[in-house]
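Enquirer: Sharing structure-v5.tsv, TSV, C-alpha atoms:
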```tsv
chain	number	residue	atom	x	y	z
A	1	TYR	CA	16.42	-20.94	65.69
A	2	SER	CA	14.67	-23.95	67.19
A	3	ASP	CA	10.99	-24.59	66.53
A	4	GLU	CA	11.03	-28.14	67.92
A	5	ASN	CA	11.93	-29.68	71.27
A	6	GLY	CA	14.88	-31.99	71.54
A	7	LEU	CA	16.90	-30.70	68.56
A	8	ALA	CA	20.60	-31.41	68.75
A	9	ALA	CA	21.38	-28.13	66.97
A	10	CYS	CA	19.56	-24.97	65.94
A	11	LYS	CA	18.36	-24.53	62.38
A	12	SER	CA	19.82	-21.85	60.11
A	13	ALA	CA	17.40	-19.01	59.46
A	14	THR	CA	16.31	-18.33	55.89
A	15	ALA	CA	18.24	-15.51	54.26
A	16	CYS	CA	15.99	-13.32	52.12
A	17	GLY	CA	17.87	-13.06	48.84
A	18	ALA	CA	17.98	-10.54	46.02
A	19	GLY	CA	14.58	-9.56	44.69
A	20	THR	CA	12.92	-10.11	48.09
A	21	ARG	CA	12.61	-8.33	51.45
A	22	ILE	CA	12.38	-9.50	55.05
A	23	LYS	CA	8.68	-9.50	55.82
A	24	THR	CA	9.13	-11.08	59.28
A	25	ALA	CA	12.54	-11.43	60.88
A	26	SER	CA	13.61	-14.75	62.37
A	27	THR	CA	13.47	-15.31	66.14
A	28	THR	CA	14.89	-17.97	68.41
A	29	THR	CA	11.80	-20.08	67.74
A	30	SER	CA	10.74	-19.16	64.16
A	31	ASP	CA	12.19	-18.77	60.73
A	32	ALA	CA	12.26	-15.56	58.74
A	33	VAL	CA	9.47	-14.86	56.20
A	34	CYS	CA	10.44	-13.28	52.85
A	35	ALA	CA	8.25	-11.35	50.39
A	36	ASP	CA	8.87	-10.47	46.75
A	37	CYS	CA	9.57	-6.86	45.84
A	38	VAL	CA	6.56	-5.09	44.32
A	39	ALA	CA	6.46	-3.24	41.01
A	40	GLY	CA	8.93	-0.38	40.73
A	41	ARG	CA	11.23	-1.69	43.53
A	42	TYR	CA	14.27	-3.94	43.77
A	43	SER	CA	16.47	-5.54	46.41
A	44	THR	CA	19.97	-6.98	46.55
A	45	GLY	CA	18.92	-9.13	49.53
A	46	GLY	CA	18.93	-9.01	53.32
A	47	THR	CA	16.86	-5.85	53.69
A	48	LYS	CA	13.54	-5.14	55.37
A	49	GLU	CA	12.36	-2.94	52.52
A	50	CYS	CA	12.85	-3.03	48.75
A	51	THR	CA	14.36	0.08	47.22
A	52	GLU	CA	12.40	2.21	44.78
A	53	CYS	CA	13.97	2.79	41.37
A	54	GLU	CA	14.49	6.54	41.22
A	55	ALA	CA	15.37	6.46	37.52
A	56	GLY	CA	14.62	3.39	35.48
A	57	TYR	CA	12.83	0.16	36.26
A	58	PRO	CA	13.54	-3.16	38.01
A	59	ASN	CA	14.71	-6.12	35.97
A	60	ASP	CA	12.46	-9.19	35.73
A	61	ASP	CA	13.55	-10.70	39.04
A	62	HIS	CA	13.70	-7.32	40.88
A	63	THR	CA	17.37	-7.74	41.78
A	64	ALA	CA	18.61	-4.52	40.17
A	65	CYS	CA	17.41	-1.22	38.74
A	66	ILE	CA	17.82	-0.71	35.01
A	67	SER	CA	17.83	2.78	33.59
A	68	GLU	CA	17.05	1.89	29.96
A	69	CYS	CA	14.04	0.00	28.57
A	70	SER	CA	14.50	-2.52	25.80
A	71	PRO	CA	13.92	-1.31	22.21
A	72	GLY	CA	10.21	-1.04	21.49
A	73	TYR	CA	9.43	-0.19	25.13
A	74	VAL	CA	9.32	3.06	27.08
A	75	LEU	CA	9.46	3.89	30.79
A	76	SER	CA	6.04	4.70	32.27
A	77	GLN	CA	5.24	6.98	35.22
A	78	ASP	CA	5.22	4.03	37.63
A	79	ASN	CA	8.76	3.05	36.56
A	80	THR	CA	7.78	0.04	34.51
A	81	CYS	CA	8.55	-0.57	30.84
A	82	VAL	CA	5.47	-0.59	28.61
A	83	PRO	CA	5.42	-1.42	24.87
A	84	CYS	CA	5.09	1.26	22.23
A	85	GLU	CA	1.61	1.20	20.74
A	86	ARG	CA	0.96	0.01	17.19
A	87	GLY	CA	2.06	2.53	14.60
A	88	LYS	CA	4.98	3.70	16.75
A	89	ARG	CA	8.50	2.48	17.48
A	90	ARG	CA	11.45	3.16	19.76
A	91	SER	CA	15.10	2.24	19.37
A	92	PHE	CA	17.94	2.70	21.88
A	93	ASP	CA	18.77	6.22	23.12
A	94	GLU	CA	15.34	7.63	22.24
A	95	ALA	CA	13.31	9.21	25.00
A	96	GLY	CA	9.89	8.05	23.84
A	97	CYS	CA	7.91	6.17	21.22
A	98	GLU	CA	7.84	7.86	17.82
A	99	TYR	CA	5.40	7.48	14.93
A	100	CYS	CA	6.68	5.46	11.99
A	101	VAL	CA	8.15	7.58	9.23
A	102	ASP	CA	6.47	7.86	5.84
A	103	GLY	CA	6.14	4.59	3.96
A	104	THR	CA	6.56	2.34	7.02
A	105	ILE	CA	4.29	0.61	9.55
A	106	ALA	CA	4.40	-1.02	12.99
A	107	PRO	CA	1.64	-3.65	13.03
A	108	ASN	CA	2.46	-4.90	16.53
A	109	GLU	CA	3.10	-3.38	19.94
A	110	GLY	CA	6.66	-3.16	21.25
A	111	THR	CA	8.30	-2.45	17.89
A	112	ALA	CA	11.89	-1.21	17.67
A	113	PHE	CA	11.90	-0.57	13.92
A	114	CYS	CA	9.08	0.10	11.47
A	115	ASP	CA	8.74	-2.00	8.32
A	116	PRO	CA	8.34	-0.57	4.80
A	117	CYS	CA	5.25	-1.51	2.81
A	118	GLU	CA	5.63	-3.93	-0.07
A	119	PRO	CA	5.29	-2.64	-3.66
A	120	GLY	CA	1.70	-1.89	-4.59
A	121	SER	CA	0.69	-0.87	-1.07
A	122	ILE	CA	1.03	2.08	1.32
A	123	PRO	CA	0.56	2.64	5.08
A	124	ASN	CA	-2.92	3.30	6.42
A	125	GLU	CA	-3.57	6.52	8.34
A	126	ASP	CA	-2.41	5.23	11.74
A	127	LYS	CA	0.55	3.33	10.22
A	128	THR	CA	-0.51	-0.04	11.59
A	129	ALA	CA	-1.05	-1.87	8.29
A	130	CYS	CA	-0.36	-1.63	4.56
A	131	VAL	CA	-3.30	-1.17	2.20
A	132	PRO	CA	-3.21	-1.91	-1.56
A	133	CYS	CA	-3.41	0.85	-4.15
A	134	GLU	CA	-6.71	1.39	-5.91
A	135	PRO	CA	-6.98	0.72	-9.67
A	136	GLY	CA	-5.36	3.48	-11.70
A	137	LEU	CA	-2.75	4.09	-8.97
A	138	ALA	CA	0.61	2.47	-8.20
A	139	ALA	CA	3.25	2.53	-5.46
A	140	ALA	CA	6.88	1.38	-5.35
A	141	PHE	CA	8.55	-0.31	-2.35
A	142	GLY	CA	8.32	1.86	0.76
A	143	ALA	CA	6.12	4.54	-0.84
A	144	ASP	CA	3.89	6.67	1.38
A	145	ALA	CA	1.23	7.35	-1.27
A	146	CYS	CA	-0.15	5.72	-4.40
A	147	SER	CA	0.50	7.82	-7.51
A	148	PRO	CA	-1.87	8.07	-10.48
A	149	CYS	CA	-0.70	6.53	-13.73
A	150	ASP	CA	0.33	8.88	-16.52
A	151	ALA	CA	-1.67	9.05	-19.73
A	152	GLY	CA	-0.87	6.07	-21.92
A	153	THR	CA	-0.38	3.75	-18.93
A	154	TYR	CA	-2.67	1.89	-16.55
A	155	ALA	CA	-2.64	-0.02	-13.24
A	156	GLU	CA	-4.92	-2.66	-11.80
A	157	PHE	CA	-5.68	-3.15	-8.07
A	158	GLY	CA	-2.54	-3.31	-5.87
A	159	ALA	CA	-0.11	-2.43	-8.67
A	160	SER	CA	3.54	-1.60	-8.02
A	161	PHE	CA	4.00	0.16	-11.37
A	162	CYS	CA	1.97	1.48	-14.28
A	163	ALA	CA	2.06	-0.64	-17.42
A	164	ALA	CA	2.14	0.90	-20.89
A	165	CYS	CA	-0.89	0.51	-23.14
A	166	VAL	CA	-0.38	-1.57	-26.26
A	167	ALA	CA	-0.77	0.68	-29.30
A	168	PRO	CA	-3.12	1.81	-30.58
A	169	SER	CA	-5.05	1.46	-27.30
A	170	TRP	CA	-4.84	4.39	-24.90
A	171	ALA	CA	-5.63	5.40	-21.33
A	172	GLU	CA	-6.17	8.81	-19.79
A	173	ARG	CA	-4.33	9.68	-16.56
A	174	GLY	CA	-5.20	7.51	-13.54
A	175	GLN	CA	-7.00	4.72	-15.42
A	176	SER	CA	-7.30	1.02	-14.52
A	177	GLY	CA	-7.18	-0.10	-18.16
A	178	CYS	CA	-6.59	1.05	-21.72
A	179	TYR	CA	-10.21	1.75	-22.56
A	180	GLY	CA	-9.53	4.30	-25.31
A	181	CYS	CA	-7.59	4.64	-28.53
A	182	GLU	CA	-4.85	6.89	-29.82
A	183	HIS	CA	-5.75	9.81	-32.04
A	184	GLY	CA	-6.77	8.59	-35.47
A	185	TYR	CA	-8.46	5.47	-34.04
A	186	PHE	CA	-11.87	4.77	-32.52
A	187	TRP	CA	-13.04	2.32	-29.84
A	188	HIS	CA	-15.33	-0.37	-31.21
A	189	ASP	CA	-17.91	-0.45	-28.43
A	190	GLN	CA	-20.64	-2.46	-30.16
A	191	PRO	CA	-21.92	-5.11	-27.70
A	192	GLY	CA	-20.75	-8.61	-28.64
A	193	ALA	CA	-18.28	-7.36	-31.23
A	194	HIS	CA	-15.33	-8.91	-29.41
A	195	ASP	CA	-14.60	-11.95	-27.30
A	196	GLU	CA	-14.15	-11.29	-23.58
A	197	SER	CA	-10.53	-12.43	-23.80
A	198	ALA	CA	-9.67	-9.92	-26.54
A	199	GLU	CA	-6.82	-7.49	-25.87
A	200	TRP	CA	-7.66	-3.81	-25.53
A	201	ALA	CA	-5.72	-2.97	-28.71
A	202	GLU	CA	-8.10	-5.24	-30.66
A	203	PHE	CA	-10.95	-2.81	-29.87
A	204	CYS	CA	-9.22	0.05	-31.70
A	205	TYR	CA	-9.87	0.61	-35.41
A	206	GLU	CA	-8.44	3.20	-37.74
A	207	CYS	CA	-10.89	6.03	-38.29
A	208	PRO	CA	-12.47	6.17	-41.76
A	209	SER	CA	-12.62	9.33	-43.83
A	210	GLY	CA	-15.43	11.67	-42.98
A	211	VAL	CA	-15.09	11.18	-39.21
A	212	ALA	CA	-13.59	13.67	-36.72
A	213	CYS	CA	-11.37	11.18	-34.81
A	214	ASP	CA	-9.23	13.65	-32.86
A	215	ASP	CA	-10.13	12.56	-29.32
A	216	SER	CA	-8.64	9.53	-27.54
A	217	ALA	CA	-12.08	8.87	-26.02
A	218	THR	CA	-13.78	8.54	-29.42
A	219	SER	CA	-15.97	5.45	-29.74
A	220	LEU	CA	-17.90	3.91	-32.62
A	221	SER	CA	-21.25	4.80	-31.08
A	222	SER	CA	-20.40	8.42	-30.44
A	223	PHE	CA	-17.78	9.73	-32.88
A	224	PRO	CA	-18.82	12.87	-34.75
A	225	VAL	CA	-19.33	12.83	-38.51
A	226	ASN	CA	-17.90	15.66	-40.63
A	227	ASP	CA	-20.12	17.94	-42.65
A	228	GLY	CA	-21.25	16.30	-45.87
A	229	TYR	CA	-21.21	12.78	-44.36
A	230	TRP	CA	-23.87	10.72	-42.64
A	231	ARG	CA	-24.15	7.33	-40.91
A	232	ILE	CA	-26.96	4.81	-41.19
A	233	ALA	CA	-26.81	3.51	-37.59
A	234	MET	CA	-25.07	4.01	-34.22
A	235	TYR	CA	-22.68	1.12	-34.86
A	236	ALA	CA	-22.15	1.74	-38.57
```
Using structure tokens, write down the structure from this file.

Expert:
Amino acid sequence: YSDENGLAACKSATACGAGTRIKTASTTTSDAVCADCVAGRYSTGGTKECTECEAGYPNDDHTACISECSPGYVLSQDNTCVPCERGKRRSFDEAGCEYCVDGTIAPNEGTAFCDPCEPGSIPNEDKTACVPCEPGLAAAFGADACSPCDAGTYAEFGASFCAACVAPSWAERGQSGCYGCEHGYFWHDQPGAHDESAEWAEFCYECPSGVACDDSATSLSSFPVNDGYWRIAMYA
């Protein structure tokens, strides 16, 4: 084409390449005008219209139609790949986004694989984050629920396992500490009787004669006295 007077030779018209379409064709006096393909369409170049992807979606530069979305993404109704929402994932050869399996989470969008929770924590309800176990409960790596500690063991906040009480201290099922004593011992619960740093086992004393010490929850202030015996005060 020639858009100027006095040219020695005509100019070469622009060729609309892949990913574009011919919006306005060239004439003897003007160049061609190209336009990018819109969402859901692609072009290999030199066409007036971009082709719609019948199955799949265009690649980033709209030069070809791809039938499979990348892991973590799924094909939408308008033939574009959209990320799986938080709490879901998608790997290759799966039709849609799936919820994370028990014990795993997907904290971000566009996840291909869900991650297991660290010891001492479990997935929240929508599987988007891990939450620590409450005191008295524990969870191993990848667990879906926190389990209560057995009698004789305890767990503090965010525990991965239940620790055994040091004899003669004791804990009932699902406790955060060993706040009781084994049978035959009582819990010395007099205020100020022990330093704050004292171990739980140091609070347990062997029951004297005349006291019914057959309950692990027995304490100095509340243990029952057998018939024929008496006590002079609550902490005596």

Enquirer: Excluding A:Ala139 and residues on its chain fewer than 2 positions from it, collect all residues at most 12 Å away from it, counting all atoms listed in the file, and give them as JSON, numbers by chain.

Expert: {"A": [103, 116, 117, 118, 119, 120, 121, 122, 123, 130, 131, 132, 133, 134, 135, 136, 137, 141, 142, 143, 144, 145, 146, 147, 148, 149, 155, 156, 157, 158, 159, 160, 161, 162]}

Enquirer: Could the residues in this selection be saved with C-alpha atoms as a CSV table (one decimal), keeping the file's coordinate frame?

Expert:
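So out-v1.csv came out as:
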```csv
chain,number,residue,atom,x,y,z
A,103,GLY,CA,6.1,4.6,4.0
A,116,PRO,CA,8.3,-0.6,4.8
A,117,CYS,CA,5.2,-1.5,2.8
A,118,GLU,CA,5.6,-3.9,-0.1
A,119,PRO,CA,5.3,-2.6,-3.7
A,120,GLY,CA,1.7,-1.9,-4.6
A,121,SER,CA,0.7,-0.9,-1.1
A,122,ILE,CA,1.0,2.1,1.3
A,123,PRO,CA,0.6,2.6,5.1
A,130,CYS,CA,-0.4,-1.6,4.6
A,131,VAL,CA,-3.3,-1.2,2.2
A,132,PRO,CA,-3.2,-1.9,-1.6
A,133,CYS,CA,-3.4,0.8,-4.2
A,134,GLU,CA,-6.7,1.4,-5.9
A,135,PRO,CA,-7.0,0.7,-9.7
A,136,GLY,CA,-5.4,3.5,-11.7
A,137,LEU,CA,-2.8,4.1,-9.0
A,141,PHE,CA,8.6,-0.3,-2.4
A,142,GLY,CA,8.3,1.9,0.8
A,143,ALA,CA,6.1,4.5,-0.8
A,144,ASP,CA,3.9,6.7,1.4
A,145,ALA,CA,1.2,7.4,-1.3
A,146,CYS,CA,-0.2,5.7,-4.4
A,147,SER,CA,0.5,7.8,-7.5
A,148,PRO,CA,-1.9,8.1,-10.5
A,149,CYS,CA,-0.7,6.5,-13.7
A,155,ALA,CA,-2.6,0.0,-13.2
A,156,GLU,CA,-4.9,-2.7,-11.8
A,157,PHE,CA,-5.7,-3.2,-8.1
A,158,GLY,CA,-2.5,-3.3,-5.9
A,159,ALA,CA,-0.1,-2.4,-8.7
A,160,SER,CA,3.5,-1.6,-8.0
A,161,PHE,CA,4.0,0.2,-11.4
A,162,CYS,CA,2.0,1.5,-14.3
```

Enquirer: Which residue is closest to A:Val82? Choose from A:Glu172, A:Glu49, A:Glu206, A:Glu109 and count only C-alpha atoms.

Expert: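 So, comparing all the options, the nearest one is A:Glu109.
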
Enquirer: Anything within 12 Å of (-1.6, 9.2, -35.1): list those residues as a ChimeraX atom specification, counting all atoms listed in the file and sticking to the file's coordinates.

Expert: /A:167-170,181-186,205-207,213-216

Enquirer: Report, in Å to a single decimal, how far apart atom CA of A:Thr218 and atom CA of A:Ala151 are.

Expert: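 Spanning atom CA of A:Ala151 to atom CA of A:Thr218 is a straight-line distance of 15.5 Å.
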
Enquirer: Using all atoms listed in the file, pick whichever of A:Cys81, A:Cys10, A:Ala163, A:Ala32 has the shortest atom-to-atom distance to A:Glu68.

Expert: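 Residue with the minimum atom-to-atom distance to A:Glu68: A:Cys81.
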
Enquirer: Considering all atoms listed in the file, return as a PyMOL selection string whatever protein or nucleic-acid residues lie within 10 Å of A:Ala112, sequence-local ones (same chain, fewer than 2 positions apart) excluded.

Expert: chain A and resi 70-73+83-84+88-92+97-98+106+109-110+114-115

Enquirer: So that I have them on file, write out the residues from the current selection with C-alpha atoms, as a compact mmCIF listing (two decimals), in the coordinates of the input.

Expert:
```
# COMPACT_ATOMS: atom_id res chain seq x y z
CA SER A 70 14.50 -2.52 25.80
CA PRO A 71 13.92 -1.31 22.21
CA GLY A 72 10.21 -1.04 21.49
CA TYR A 73 9.43 -0.19 25.13
CA PRO A 83 5.42 -1.42 24.87
CA CYS A 84 5.09 1.26 22.23
CA LYS A 88 4.98 3.70 16.75
CA ARG A 89 8.50 2.48 17.48
CA ARG A 90 11.45 3.16 19.76
CA SER A 91 15.10 2.24 19.37
CA PHE A 92 17.94 2.70 21.88
CA CYS A 97 7.91 6.17 21.22
CA GLU A 98 7.84 7.86 17.82
CA ALA A 106 4.40 -1.02 12.99
CA GLU A 109 3.10 -3.38 19.94
CA GLY A 110 6.66 -3.16 21.25
CA CYS A 114 9.08 0.10 11.47
CA ASP A 115 8.74 -2.00 8.32
```

Enquirer: So how many Å separate atom CA of A:Ser221 and atom CA of A:Gly180, to one decimal?

Expert: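 It comes out at 13.1 Å.
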
Enquirer: Please fill the gaps in stretch 114-138 of chain A so it has N, CA, C and O atoms, and write that as a compact mmCIF listing (two decimals), in the coordinates of the input.

Expert:
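So out-v7.txt came out as:
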```txt
# COMPACT_ATOMS: atom_id res chain seq x y z
N CYS A 114 10.26 0.21 12.33
CA CYS A 114 9.08 0.10 11.47
C CYS A 114 9.47 -0.58 10.15
O CYS A 114 10.60 -0.47 9.69
N ASP A 115 8.51 -1.26 9.55
CA ASP A 115 8.74 -2.00 8.32
C ASP A 115 8.16 -1.25 7.12
O ASP A 115 7.04 -0.73 7.19
N PRO A 116 8.88 -1.21 6.00
CA PRO A 116 8.34 -0.57 4.80
C PRO A 116 7.24 -1.43 4.17
O PRO A 116 7.24 -2.65 4.31
N CYS A 117 6.32 -0.78 3.50
CA CYS A 117 5.25 -1.51 2.81
C CYS A 117 5.80 -2.12 1.52
O CYS A 117 6.70 -1.58 0.87
N GLU A 118 5.24 -3.25 1.16
CA GLU A 118 5.63 -3.93 -0.07
C GLU A 118 5.14 -3.12 -1.29
O GLU A 118 4.22 -2.31 -1.18
N PRO A 119 5.76 -3.33 -2.45
CA PRO A 119 5.29 -2.64 -3.66
C PRO A 119 3.80 -2.87 -3.90
O PRO A 119 3.29 -3.96 -3.69
N GLY A 120 3.13 -1.80 -4.33
CA GLY A 120 1.70 -1.89 -4.59
C GLY A 120 0.84 -1.58 -3.40
O GLY A 120 -0.38 -1.67 -3.47
N SER A 121 1.45 -1.20 -2.26
CA SER A 121 0.69 -0.87 -1.07
C SER A 121 1.34 0.28 -0.32
O SER A 121 2.53 0.56 -0.50
N ILE A 122 0.55 0.94 0.54
CA ILE A 122 1.03 2.08 1.32
C ILE A 122 0.48 1.98 2.74
O ILE A 122 -0.49 1.24 2.99
N PRO A 123 1.07 2.70 3.71
CA PRO A 123 0.56 2.64 5.08
C PRO A 123 -0.84 3.24 5.20
O PRO A 123 -1.19 4.18 4.48
N ASN A 124 -1.64 2.67 6.11
CA ASN A 124 -2.92 3.30 6.42
C ASN A 124 -2.66 4.54 7.28
O ASN A 124 -1.52 4.86 7.61
N GLU A 125 -3.71 5.23 7.67
CA GLU A 125 -3.57 6.52 8.34
C GLU A 125 -2.82 6.41 9.67
O GLU A 125 -2.01 7.27 10.00
N ASP A 126 -3.08 5.36 10.45
CA ASP A 126 -2.41 5.23 11.74
C ASP A 126 -1.14 4.39 11.67
O ASP A 126 -0.56 4.05 12.70
N LYS A 127 -0.72 4.04 10.45
CA LYS A 127 0.55 3.33 10.22
C LYS A 127 0.63 2.00 10.97
O LYS A 127 1.67 1.64 11.51
N THR A 128 -0.47 1.28 10.97
CA THR A 128 -0.51 -0.04 11.59
C THR A 128 -0.62 -1.17 10.58
O THR A 128 -0.48 -2.34 10.93
N ALA A 129 -0.89 -0.85 9.32
CA ALA A 129 -1.05 -1.87 8.29
C ALA A 129 -0.83 -1.24 6.91
O ALA A 129 -0.95 -0.02 6.74
N CYS A 130 -0.50 -2.08 5.94
CA CYS A 130 -0.36 -1.63 4.56
C CYS A 130 -1.64 -1.93 3.80
O CYS A 130 -2.24 -3.00 3.97
N VAL A 131 -2.08 -0.99 2.99
CA VAL A 131 -3.30 -1.17 2.20
C VAL A 131 -2.94 -1.07 0.72
O VAL A 131 -2.09 -0.27 0.31
N PRO A 132 -3.55 -1.91 -0.13
CA PRO A 132 -3.21 -1.91 -1.56
C PRO A 132 -3.70 -0.66 -2.27
O PRO A 132 -4.69 -0.03 -1.87
N CYS A 133 -3.00 -0.30 -3.33
CA CYS A 133 -3.41 0.85 -4.15
C CYS A 133 -4.68 0.52 -4.93
O CYS A 133 -4.90 -0.61 -5.34
N GLU A 134 -5.50 1.54 -5.12
CA GLU A 134 -6.71 1.39 -5.91
C GLU A 134 -6.35 1.31 -7.40
O GLU A 134 -5.27 1.73 -7.81
N PRO A 135 -7.25 0.76 -8.22
CA PRO A 135 -6.98 0.72 -9.67
C PRO A 135 -6.70 2.12 -10.21
O PRO A 135 -7.32 3.10 -9.80
N GLY A 136 -5.74 2.19 -11.13
CA GLY A 136 -5.36 3.48 -11.70
C GLY A 136 -4.23 4.15 -10.94
O GLY A 136 -3.72 5.19 -11.38
N LEU A 137 -3.83 3.54 -9.81
CA LEU A 137 -2.75 4.09 -8.97
C LEU A 137 -1.69 3.01 -8.76
O LEU A 137 -1.98 1.82 -8.83
N ALA A 138 -0.47 3.43 -8.43
CA ALA A 138 0.61 2.47 -8.20
C ALA A 138 1.57 3.03 -7.15
O ALA A 138 1.63 4.24 -6.93
```
